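Source file: structure_17.cif (mmCIF, C-alpha atoms and all ligand atoms)
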data_run
#
loop_
_atom_site.label_atom_id
_atom_site.label_comp_id
_atom_site.auth_asym_id
_atom_site.auth_seq_id
_atom_site.Cartn_x
_atom_site.Cartn_y
_atom_site.Cartn_z
CA MET A 28 56.39 -65.78 12.50
CA SER A 29 57.38 -69.31 13.44
CA GLN A 30 60.86 -70.62 12.74
CA HIS A 31 61.40 -71.62 9.11
CA PRO A 32 61.02 -75.37 8.65
CA LEU A 33 63.90 -75.64 6.14
CA PRO A 34 67.09 -73.72 5.40
CA LEU A 35 66.25 -72.26 1.97
CA PRO A 36 69.06 -70.47 0.10
CA GLU A 37 68.45 -67.04 -1.42
CA GLY A 38 66.74 -67.11 -4.80
CA VAL A 39 65.62 -70.72 -4.40
CA VAL A 40 62.79 -72.36 -6.29
CA CYS A 41 61.31 -74.70 -3.68
CA ALA A 42 58.64 -77.07 -5.01
CA LEU A 43 56.29 -78.67 -2.50
CA ILE A 44 55.15 -81.98 -3.98
CA GLY A 45 52.18 -83.92 -2.65
CA ALA A 46 48.57 -84.98 -3.11
CA PRO A 47 45.72 -82.71 -2.01
CA GLY A 48 45.52 -82.82 1.78
CA SER A 49 49.09 -84.01 2.30
CA GLY A 50 49.96 -80.89 4.31
CA LYS A 51 51.71 -78.63 1.79
CA SER A 52 49.92 -75.40 2.71
CA THR A 53 50.20 -76.12 6.44
CA PHE A 54 53.96 -76.48 5.95
CA ALA A 55 54.19 -73.43 3.66
CA ALA A 56 52.48 -71.28 6.29
CA ARG A 57 55.68 -71.51 8.35
CA PHE A 58 57.53 -69.44 5.73
CA PRO A 59 56.93 -65.71 5.19
CA SER A 60 53.69 -65.45 3.20
CA THR A 61 55.30 -63.43 0.40
CA TRP A 62 57.59 -66.36 -0.42
CA CYS A 63 54.67 -68.68 -1.15
CA LEU A 64 52.97 -69.05 -4.52
CA ASN A 65 49.69 -70.96 -4.51
CA LEU A 66 47.40 -71.73 -7.46
CA ASP A 67 44.33 -72.17 -5.23
CA THR A 68 44.74 -68.60 -4.00
CA TYR A 69 45.03 -67.20 -7.52
CA ARG A 70 41.95 -69.13 -8.72
CA ALA A 71 40.02 -67.65 -5.80
CA LEU A 72 41.28 -64.15 -6.62
CA ALA A 73 40.13 -64.58 -10.24
CA ALA A 74 36.81 -66.34 -9.61
CA ASP A 75 35.87 -65.74 -5.94
CA THR A 76 36.26 -69.49 -5.34
CA GLU A 77 39.25 -71.78 -5.64
CA ALA A 78 36.84 -74.53 -6.76
CA ASP A 79 36.34 -72.82 -10.15
CA GLN A 80 38.71 -74.77 -12.43
CA SER A 81 37.91 -72.44 -15.34
CA ALA A 82 40.22 -70.01 -13.55
CA ALA A 83 43.11 -72.51 -13.65
CA PRO A 84 44.81 -71.01 -16.75
CA VAL A 85 44.86 -67.48 -15.34
CA ALA A 86 46.11 -68.84 -12.00
CA VAL A 87 48.99 -70.59 -13.78
CA ASP A 88 49.84 -67.35 -15.60
CA VAL A 89 49.82 -65.37 -12.34
CA GLN A 90 52.05 -67.95 -10.66
CA LYS A 91 54.53 -67.83 -13.57
CA LEU A 92 54.64 -64.02 -13.51
CA LEU A 93 55.24 -63.90 -9.77
CA LEU A 94 57.85 -66.67 -9.92
CA ASP A 95 59.84 -64.78 -12.55
CA ALA A 96 59.39 -61.49 -10.67
CA ARG A 97 60.81 -63.03 -7.51
CA LEU A 98 63.64 -64.95 -9.20
CA SER A 99 64.74 -61.88 -11.13
CA ARG A 100 65.24 -60.18 -7.75
CA GLY A 101 67.02 -63.15 -6.16
CA LEU A 102 64.08 -63.74 -3.81
CA ARG A 103 62.89 -67.14 -2.61
CA ALA A 104 59.80 -68.83 -4.03
CA VAL A 105 57.96 -71.73 -2.38
CA ILE A 106 55.57 -73.31 -4.88
CA ASP A 107 52.65 -74.55 -2.81
CA SER A 108 50.80 -76.53 -5.48
CA THR A 109 50.56 -80.32 -5.95
CA ASN A 110 53.44 -80.31 -8.51
CA LEU A 111 52.73 -84.00 -9.16
CA GLU A 112 53.03 -83.92 -12.96
CA PRO A 113 56.65 -84.27 -14.15
CA ALA A 114 55.99 -81.62 -16.82
CA VAL A 115 54.99 -79.09 -14.18
CA ARG A 116 58.17 -79.80 -12.21
CA ALA A 117 60.22 -79.54 -15.41
CA GLY A 118 58.72 -76.09 -15.95
CA LEU A 119 59.78 -74.97 -12.48
CA LEU A 120 63.29 -76.37 -12.99
CA ALA A 121 63.51 -74.54 -16.32
CA ARG A 122 62.59 -71.21 -14.69
CA ALA A 123 65.25 -71.81 -12.02
CA ARG A 124 67.85 -72.62 -14.70
CA ARG A 125 66.83 -69.52 -16.67
CA TRP A 126 67.73 -67.38 -13.63
CA ASN A 127 70.59 -69.61 -12.48
CA ARG A 128 68.91 -70.28 -9.15
CA PRO A 129 69.13 -73.23 -6.73
CA THR A 130 66.27 -75.73 -6.48
CA VAL A 131 64.77 -77.67 -3.59
CA ALA A 132 62.03 -80.33 -3.67
CA VAL A 133 59.98 -81.19 -0.59
CA LEU A 134 58.19 -84.50 -1.03
CA PHE A 135 55.07 -85.01 1.11
CA ASP A 136 55.26 -88.79 1.37
CA VAL A 137 52.12 -89.22 3.45
CA PRO A 138 50.10 -92.50 3.23
CA LEU A 139 46.83 -92.27 1.33
CA GLY A 140 44.87 -93.42 4.39
CA THR A 141 46.22 -90.54 6.48
CA ILE A 142 45.39 -88.03 3.77
CA LEU A 143 41.85 -89.35 3.32
CA ALA A 144 41.27 -89.20 7.07
CA ARG A 145 42.43 -85.56 7.19
CA ASN A 146 40.51 -84.77 4.00
CA GLY A 147 37.19 -85.58 5.66
CA ASP A 148 37.77 -82.84 8.24
CA ARG A 149 38.49 -80.10 5.72
CA THR A 150 36.15 -77.33 4.59
CA ARG A 151 37.29 -77.91 0.98
CA VAL A 152 36.92 -81.67 0.58
CA VAL A 153 38.56 -83.14 -2.54
CA ALA A 154 36.88 -86.28 -3.94
CA PRO A 155 38.65 -89.37 -2.48
CA ARG A 156 39.00 -90.90 -5.99
CA VAL A 157 40.79 -87.74 -7.20
CA VAL A 158 43.07 -87.78 -4.15
CA ALA A 159 43.88 -91.47 -4.75
CA ASP A 160 44.65 -90.90 -8.45
CA LEU A 161 46.94 -87.99 -7.64
CA HIS A 162 48.60 -89.90 -4.79
CA HIS A 163 49.65 -92.55 -7.33
CA LEU A 164 51.67 -89.88 -9.16
CA LEU A 165 53.89 -89.28 -6.13
CA PRO A 166 57.53 -89.51 -7.23
CA THR A 167 60.37 -90.96 -5.17
CA THR A 168 63.19 -88.83 -3.79
CA GLU A 169 65.51 -90.58 -6.28
CA GLN A 170 63.26 -89.53 -9.16
CA LEU A 171 63.30 -85.91 -8.01
CA THR A 172 67.10 -85.92 -7.82
CA ALA A 173 67.25 -87.46 -11.31
CA GLU A 174 64.93 -84.74 -12.62
CA GLY A 175 67.48 -82.15 -11.49
CA PHE A 176 66.42 -80.84 -8.07
CA GLY A 177 69.55 -79.77 -6.19
CA THR A 178 68.27 -80.77 -2.75
CA VAL A 179 65.40 -83.14 -1.94
CA TYR A 180 63.65 -83.44 1.40
CA ARG A 181 61.07 -86.06 2.32
CA ILE A 182 58.33 -85.46 4.84
CA SER A 183 56.45 -88.44 6.24
CA ASP A 184 53.14 -88.44 8.08
CA ARG A 185 54.82 -88.58 11.46
CA THR A 186 56.50 -85.22 11.42
CA THR A 187 56.49 -81.87 9.68
CA ASP A 188 60.21 -81.47 10.41
CA VAL A 189 62.90 -82.86 8.14
N1 LIG B 201 51.33 -82.79 9.98
C1 LIG B 201 50.00 -82.79 10.04
N2 LIG B 201 49.39 -83.54 10.96
C2 LIG B 201 48.05 -83.57 11.03
N3 LIG B 201 47.21 -82.86 10.23
C3 LIG B 201 47.77 -82.11 9.29
C4 LIG B 201 49.20 -82.03 9.14
N4 LIG B 201 49.47 -81.20 8.08
C5 LIG B 201 48.26 -80.80 7.62
N5 LIG B 201 47.26 -81.32 8.35
C6 LIG B 201 45.82 -81.12 8.11
O1 LIG B 201 45.51 -81.77 6.88
C7 LIG B 201 44.61 -80.97 6.12
C8 LIG B 201 45.21 -80.69 4.76
O2 LIG B 201 46.38 -79.89 4.93
P1 LIG B 201 46.81 -78.81 3.84
O3 LIG B 201 45.68 -77.90 3.51
O4 LIG B 201 48.07 -78.19 4.36
O5 LIG B 201 47.11 -79.77 2.59
P2 LIG B 201 47.55 -79.38 1.11
O6 LIG B 201 48.62 -80.35 0.74
O7 LIG B 201 47.90 -77.93 1.06
O8 LIG B 201 46.27 -79.69 0.26
P3 LIG B 201 45.83 -79.02 -1.16
O9 LIG B 201 46.75 -79.57 -2.20
O10 LIG B 201 44.42 -79.52 -1.36
O11 LIG B 201 45.90 -77.55 -1.02
C9 LIG B 201 44.32 -79.72 6.94
O12 LIG B 201 43.08 -79.90 7.61
C10 LIG B 201 45.48 -79.66 7.92
O13 LIG B 201 45.09 -79.04 9.12
MG MG B 202 47.13 -76.36 -0.09
#
Translate this structure into structure tokens?
Ligand SMILES: Nc1ncnc2c1ncn2[C@@H]1O[C@H](COP(=O)(O)OP(=O)(O)OP(=O)(O)O)[C@@H](O)[C@H]1O
Ligand SMILES: [Mg+2]
Amino acid sequence: MSQHPLPLPEGVVCALIGAPGSGKSTFAARFPSTWCLNLDTYRALAADTEADQSAAPVAVDVQKLLLDARLSRGLRAVIDSTNLEPAVRAGLLARARRWNRPTVAVLFDVPLGTILARNGDRTRVVAPRVVADLHHLLPTTEQLTAEGFGTVYRISDRTTDV
């Protein structure tokens, strides 16, 4: 296992926040795999393909169950989903509050051009229009602090280290 990219306290809810292709899963792979919750994986487990959006509701349910299971034990959870909608982040913050756990946000502040260039090389290509629309939802670090995240890290396109 490679060295952890961030010092995450015990019991943390760590939200990775970024457009598709911004490098969230690549970053998450540097943590122990059991820490990481990922909606794409759960859609694939339910439907044999992560492209099947009809499996989105069950994937959300699975993620919620696993998040609560880990937080109840004081274990760390890294949420490797886009987490671009404020309501989704509010839900994660509420679960952390429910268990009295610390929160960390990791903002993948990667330029759209860089993401689109990487996107073309992927096996699972997301439509450029969809990527652009989601990229517009990217919050600032100040916004994330105002929402209630205890610690906020920003990752640019130049480095995966903070
Ligand atoms: N720091 C980096 N430098 C260059 N390429 C990168 C970097 N991080 C990720 N990539 C590449 O960019 C592509 C997208 O990365 P990744 O799958 O981690 O994104 P993601 O944010 O998890 O996307 P999604 O939300 O669609 O799951 C991959 O092909 C990956 O190899
Ligand atoms: Mg991913």
Within 7 Å of ligand MG 202 (chain B), counting only C-alpha atoms and all ligand atoms, residues as a list in words:
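Those residues are Pro47, Gly48, Gly50, Lys51, Ser52, Asp107 and Ser108 of chain A.
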I'd like the interatomic distance between atom O7 of ligand LIG 201 (chain B) and atom CA of Arg128 of chain A, to a tenth of an Å.
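Pair atom O7 of ligand LIG 201 (chain B) / atom CA of Arg128 of chain A returns 24.6 Å.
Here atom CA of Ala74 of chain A stands at a distance of 20.0 Å from atom P2 of ligand LIG 201 (chain B).
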Pick out the closest residue to Ala86 of chain A from this set: A:Leu98, A:Leu161, A:Ala121, A:Ala73. Count only C-alpha atoms.
A:Ala73
List as a tab-separated table every residue of chain A that is in contact with ligand LIG 201 (chain B), defined as an atom at most 10 Å from one of its atoms (using all atoms listed in the file), together with the nearest atom pair and the distance in Å rounded to one decimal, sorted by chain and then rising number.
residue	atom	partner	partner_atom	distance
A:Leu43	CA	B:LIG201	O6	8.5
A:Ile44	CA	B:LIG201	O6	8.2
A:Gly45	CA	B:LIG201	O6	6.1
A:Ala46	CA	B:LIG201	O9	5.8
A:Pro47	CA	B:LIG201	O9	3.3
A:Gly48	CA	B:LIG201	O5	3.5
A:Ser49	CA	B:LIG201	O6	4.0
A:Gly50	CA	B:LIG201	O4	3.3
A:Lys51	CA	B:LIG201	O6	3.7
A:Ser52	CA	B:LIG201	O7	3.6
A:Thr53	CA	B:LIG201	O4	3.6
A:Phe54	CA	B:LIG201	O4	6.3
A:Ala55	CA	B:LIG201	O4	7.8
A:Ala56	CA	B:LIG201	O4	8.4
A:Asn65	CA	B:LIG201	O11	8.4
A:Leu66	CA	B:LIG201	O11	8.8
A:Asp67	CA	B:LIG201	O11	7.0
A:Thr68	CA	B:LIG201	O11	9.5
A:Glu77	CA	B:LIG201	O11	9.9
A:Asp107	CA	B:LIG201	O7	7.0
A:Ser108	CA	B:LIG201	O9	6.0
A:Thr109	CA	B:LIG201	O9	5.4
A:Asn110	CA	B:LIG201	O9	9.2
A:Phe135	CA	B:LIG201	O6	8.0
A:Val137	CA	B:LIG201	N1	9.2
A:Thr141	CA	B:LIG201	C2	8.5
A:Ile142	CA	B:LIG201	O1	7.0
A:Leu143	CA	B:LIG201	O1	9.1
A:Ala144	CA	B:LIG201	O1	8.6
A:Arg145	CA	B:LIG201	O1	4.9
A:Asn146	CA	B:LIG201	C7	6.0
A:Gly147	CA	B:LIG201	O12	8.4
A:Asp148	CA	B:LIG201	O12	6.1
A:Arg149	CA	B:LIG201	O12	5.0
A:Thr150	CA	B:LIG201	O12	8.0
A:Arg151	CA	B:LIG201	O10	7.7
A:Val152	CA	B:LIG201	O10	8.0
A:Val153	CA	B:LIG201	O10	7.0
A:Val158	CA	B:LIG201	O10	8.8
A:Ile182	CA	B:LIG201	N1	9.1
A:Ser183	CA	B:LIG201	N1	8.5
A:Asp184	CA	B:LIG201	N1	6.2
A:Arg185	CA	B:LIG201	N1	6.9
A:Thr186	CA	B:LIG201	N1	5.9
A:Thr187	CA	B:LIG201	N1	5.2
A:Asp188	CA	B:LIG201	N1	9.0
For those residues, write C-alpha atoms to a file as a CSV table (one decimal), keeping the file's coordinate frame.
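This went into again.csv:
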chain,number,residue,atom,x,y,z
A,43,LEU,CA,56.3,-78.7,-2.5
A,44,ILE,CA,55.2,-82.0,-4.0
A,45,GLY,CA,52.2,-83.9,-2.6
A,46,ALA,CA,48.6,-85.0,-3.1
A,47,PRO,CA,45.7,-82.7,-2.0
A,48,GLY,CA,45.5,-82.8,1.8
A,49,SER,CA,49.1,-84.0,2.3
A,50,GLY,CA,50.0,-80.9,4.3
A,51,LYS,CA,51.7,-78.6,1.8
A,52,SER,CA,49.9,-75.4,2.7
A,53,THR,CA,50.2,-76.1,6.4
A,54,PHE,CA,54.0,-76.5,6.0
A,55,ALA,CA,54.2,-73.4,3.7
A,56,ALA,CA,52.5,-71.3,6.3
A,65,ASN,CA,49.7,-71.0,-4.5
A,66,LEU,CA,47.4,-71.7,-7.5
A,67,ASP,CA,44.3,-72.2,-5.2
A,68,THR,CA,44.7,-68.6,-4.0
A,77,GLU,CA,39.2,-71.8,-5.6
A,107,ASP,CA,52.6,-74.6,-2.8
A,108,SER,CA,50.8,-76.5,-5.5
A,109,THR,CA,50.6,-80.3,-6.0
A,110,ASN,CA,53.4,-80.3,-8.5
A,135,PHE,CA,55.1,-85.0,1.1
A,137,VAL,CA,52.1,-89.2,3.4
A,141,THR,CA,46.2,-90.5,6.5
A,142,ILE,CA,45.4,-88.0,3.8
A,143,LEU,CA,41.8,-89.4,3.3
A,144,ALA,CA,41.3,-89.2,7.1
A,145,ARG,CA,42.4,-85.6,7.2
A,146,ASN,CA,40.5,-84.8,4.0
A,147,GLY,CA,37.2,-85.6,5.7
A,148,ASP,CA,37.8,-82.8,8.2
A,149,ARG,CA,38.5,-80.1,5.7
A,150,THR,CA,36.2,-77.3,4.6
A,151,ARG,CA,37.3,-77.9,1.0
A,152,VAL,CA,36.9,-81.7,0.6
A,153,VAL,CA,38.6,-83.1,-2.5
A,158,VAL,CA,43.1,-87.8,-4.2
A,182,ILE,CA,58.3,-85.5,4.8
A,183,SER,CA,56.4,-88.4,6.2
A,184,ASP,CA,53.1,-88.4,8.1
A,185,ARG,CA,54.8,-88.6,11.5
A,186,THR,CA,56.5,-85.2,11.4
A,187,THR,CA,56.5,-81.9,9.7
A,188,ASP,CA,60.2,-81.5,10.4
Among the residues A:Arg100, A:Arg116, A:Arg57, A:His163, the one that comes closest to Val131 of chain A [using only C-alpha atoms]
A:Arg116
Using all atoms of segment 123-128 of chain A that appear in the file, construct an axis-aligned enclosing box with 8 Å of padding on every side and provide its centre coordinates and edge lengths in Å, rounded to one decimal, as JSON.
{"center_x": 67.9, "center_y": -70.0, "center_z": -12.9, "size_x": 21.3, "size_y": 21.2, "size_z": 23.5}
Find the residues near Ala123 of chain A: any atom within 8 Å, counting only C-alpha atoms, skip ones fewer than 6 places away on the same chain, and give them as an MDAnalysis selection string.
chainID A and resid 39:40 98 129:130
With distances taken over all atoms listed in the file, which of A:Leu111, A:Leu139, A:Leu119, A:Ala96 is nearest to Leu164 of chain A?
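Of the candidates, the smallest distance to Leu164 of chain A is held by A:Leu111.
Atom CA of Leu93 of chain A to atom CA of Asp75 of chain A spans 19.8 Å [interatomic distance, one decimal].
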Restricting the calculation to only C-alpha atoms: of A:Leu134, A:Ala82, A:Ala114, A:Ala42, which residue gets closest to Leu94 of chain A?
A:Ala42
Which is closer to Trp62 of chain A than all the others in A:Glu37, A:Asp79, A:Glu174, A:Asp88, using all atoms listed in the file?
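Distance minimum relative to Trp62 of chain A lands on A:Glu37.
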Which residues, written as number ranges by chain, have at least one atom at most 8 Å from Ala132 of chain A, with all atoms listed in the file counted and residues fewer than 3 positions away on the same chain left out?
A: 41-44, 171, 176-180
Restrict the selected residues to C-alpha atoms and save them as a PDB file, in the frame of the given file.
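The file below, again-v2.pdb, is the result:
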ATOM      1  CA  CYS A  41      61.310 -74.700  -3.680  1.00  0.00           C
ATOM      2  CA  ALA A  42      58.640 -77.070  -5.010  1.00  0.00           C
ATOM      3  CA  LEU A  43      56.290 -78.670  -2.500  1.00  0.00           C
ATOM      4  CA  ILE A  44      55.150 -81.980  -3.980  1.00  0.00           C
ATOM      5  CA  LEU A 171      63.300 -85.910  -8.010  1.00  0.00           C
ATOM      6  CA  PHE A 176      66.420 -80.840  -8.070  1.00  0.00           C
ATOM      7  CA  GLY A 177      69.550 -79.770  -6.190  1.00  0.00           C
ATOM      8  CA  THR A 178      68.270 -80.770  -2.750  1.00  0.00           C
ATOM      9  CA  VAL A 179      65.400 -83.140  -1.940  1.00  0.00           C
ATOM     10  CA  TYR A 180      63.650 -83.440   1.400  1.00  0.00           C
TER      11      TYR A 180
END
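Counting all atoms listed in the file and comparing A:Ala71, A:Leu64, A:Ala83, A:Val105, the residue that lies closest to Leu35 of chain A is A:Val105.
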